[in-house]
Amino acid sequence: MMLKRSASKKQVSSGLPLAAKWRRDWQMVLLMIPGVVFLLLFFYLPVLGNVVAFQDFQPYLGIMHSEWNGLQNFLSLYDNPDFWDALRNTLLLAGVQLLLFFPVPIGLALIVDSLVSNRLRRWFQTIAYLPHFLSWVLVVTLFQQSLGGAGFINNLLRHAGLDPIPFMTNPDTFPLLVVAQLIWKDAGWAMIIFLAALTTVDVSLYEAAAADGAGRWRRMWHITLPSLRTVIVLLLILRIGDILSVGFEQFILQRDSVGPGAAEVLDTFTYYAGVVGGDWSSGAAAGLAKGVVGALLLWGANSLAHRLGEPGIFQRRS
């Protein structure tokens with residue numbers, strides 16, 4: 001009966017004329033206009049500039065008068081060893097971030113959800129959220145003051161008669177340093193989604209499991225984590241689709257200290273090739289290639305989620 005009523009309401013709503021829909025929803029439409037304009041100006045309109053990737057672009061001539069060279073810019077990237085170094089570093093850093101960072105917000109959400117005291121929970125969440133609002137300049141500066149050559153940790157080592165450890169300048173451990181910075185800055189903010197998902201879990205499931213003798217760990221394994229599975233898969237798909245965007249500010253701030261061989265990623269390669277080097281077409285080609293690969297990865301991860309029985313991001317209508 002309820003399904004029939006909801007279906008009839010949808011039919012009536014879809015049958016309204018445009019003027020009636022406008023009189024009913026004009027406030028919501030006005031509220032949407034700033035967001036739509038923002039998306040058009042800063043996300044969709046710049047997509048048209050990707051045409052530069054197929055040109056020998058000259059800034060003084062503009063897009064309309066620059067010569068077309070087809071796929072030559074992409075072939076130049078294929079022959080450029082710096083591009084492959086940047087791609088290798090990007091994949092390495094993205095893999096390390098995916099393995100070491102992604103589970104941390106889930107663990108933090110489980111810790112917060114297990115806290116009995118509401119006051120302690122609020123304090124924990126506030127402390128975890130706070131670093132997200134700091135810029136990468138401040139985050140790198142704080143790590144430099146703590147782990148740098150003249151930082152707090154190395155000064156303690158010197159006073160103890162030990163040799164200082166190059167935490168901030170060692171290219172071999174740079175991926176771990178990057179992940180540590182990312183965890184400190186954004187893990188607390190990323191756990192918000194998982195905390196929201198935990199609020200939808202039926203409490204009676206925990207009570208029934210406890211009555212059957214299930215301990216805390218068994219309740220977490222058989223109730224909590226399965227309840228988070230859809231959200232975990234959704235965020236994992238989004239992360240895989242954006243896996244080539246490991247960050248720009250974080251790496252460009254530390255590029256000189258560890259060297260381009262360790263900190264050069266696709267975002268910094270695009271900046272130095274296009275903006276600094278003046279090769280706008282190669283920079284645009286690298287950015288476009290990264291976007292296409294990211295879209296393919298997103299589609300592949302979403303298709304894999306469908307095969308595993310998860311809804312994913314978007315579904316194919318039957």
# chains A, B, ... in the order shown; residues from 1 in each chain; ligands from 1
>>> select_by_dssp(residues="region 18-100 of chain A", states="alpha helix (DSSP H)", output="PyMOL selection string")
chain A and resi 18-39+62-65+72-78+81-100
>>> closest_atom_pairs(of="region 42-130 of chain A", to="region 243-265 of chain A", cutoff="10 Å", atoms="only C-alpha atoms", output="CSV")
residue,atom,partner,partner_atom,distance
A:Asp82,CA,A:Glu264,CA,8.7
A:Phe83,CA,A:Val265,CA,8.6
A:Trp84,CA,A:Val265,CA,9.5
A:Asp85,CA,A:Gly261,CA,7.2
A:Ala86,CA,A:Val265,CA,4.3
A:Leu87,CA,A:Val265,CA,6.3
A:Arg88,CA,A:Val265,CA,8.0
A:Asn89,CA,A:Val265,CA,5.8
A:Thr90,CA,A:Val265,CA,5.0
A:Leu91,CA,A:Leu244,CA,6.8
A:Leu92,CA,A:Val265,CA,9.8
A:Leu93,CA,A:Val246,CA,7.1
A:Ala94,CA,A:Ile243,CA,5.8
A:Gly95,CA,A:Ile243,CA,8.1
A:Gln97,CA,A:Val246,CA,8.3
A:Leu98,CA,A:Ile243,CA,8.3
>>> closest_residue(among="A:Arg158, A:Arg307, A:Gly287, A:Gln72", to="Val47 (chain A)", atoms="only C-alpha atoms")
A:Gly287
>>> atom_distance(atom1="CA of Val139 (chain A)", atom2="CA of Gln181 (chain A)")
7.3 Å
>>> atom_distance(atom1="CA of Leu297 (chain A)", atom2="CA of Ile237 (chain A)")
8.5 Å
>>> select_by_dssp(residues="region 1-245 of chain A", states="strand (DSSP E or B)", output="PyMOL selection string")
chain A and resi 55-56+67-68
>>> write_last_selection(atoms="N, CA, C and O atoms", output="mmCIF file, in the first residue's frame")
data_model
loop_
_atom_site.group_PDB
_atom_site.id
_atom_site.type_symbol
_atom_site.label_atom_id
_atom_site.label_comp_id
_atom_site.auth_asym_id
_atom_site.auth_seq_id
_atom_site.Cartn_x
_atom_site.Cartn_y
_atom_site.Cartn_z
ATOM 1 N N GLN A 55 48.130 20.696 -29.609
ATOM 2 C CA GLN A 55 48.654 21.832 -30.351
ATOM 3 C C GLN A 55 50.111 22.084 -29.977
ATOM 4 O O GLN A 55 50.592 21.632 -28.931
ATOM 5 N N ASP A 56 50.779 22.831 -30.828
ATOM 6 C CA ASP A 56 52.054 23.434 -30.478
ATOM 7 C C ASP A 56 51.722 24.815 -29.930
ATOM 8 O O ASP A 56 51.884 25.834 -30.596
ATOM 9 N N GLU A 67 49.419 26.172 -33.887
ATOM 10 C CA GLU A 67 49.388 25.086 -34.858
ATOM 11 C C GLU A 67 49.009 23.763 -34.182
ATOM 12 O O GLU A 67 49.367 23.506 -33.043
ATOM 13 N N TRP A 68 48.295 22.946 -34.948
ATOM 14 C CA TRP A 68 47.917 21.620 -34.475
ATOM 15 C C TRP A 68 49.036 20.629 -34.783
ATOM 16 O O TRP A 68 49.613 20.661 -35.870
#
>>> atom_distance(atom1="CA of Thr141 (chain A)", atom2="CA of Pro175 (chain A)")
17.5 Å
>>> closest_residue(among="A:Thr199, A:Gln27, A:Ser227, A:Ser135", to="Val112 (chain A)", atoms="only C-alpha atoms")
A:Thr199
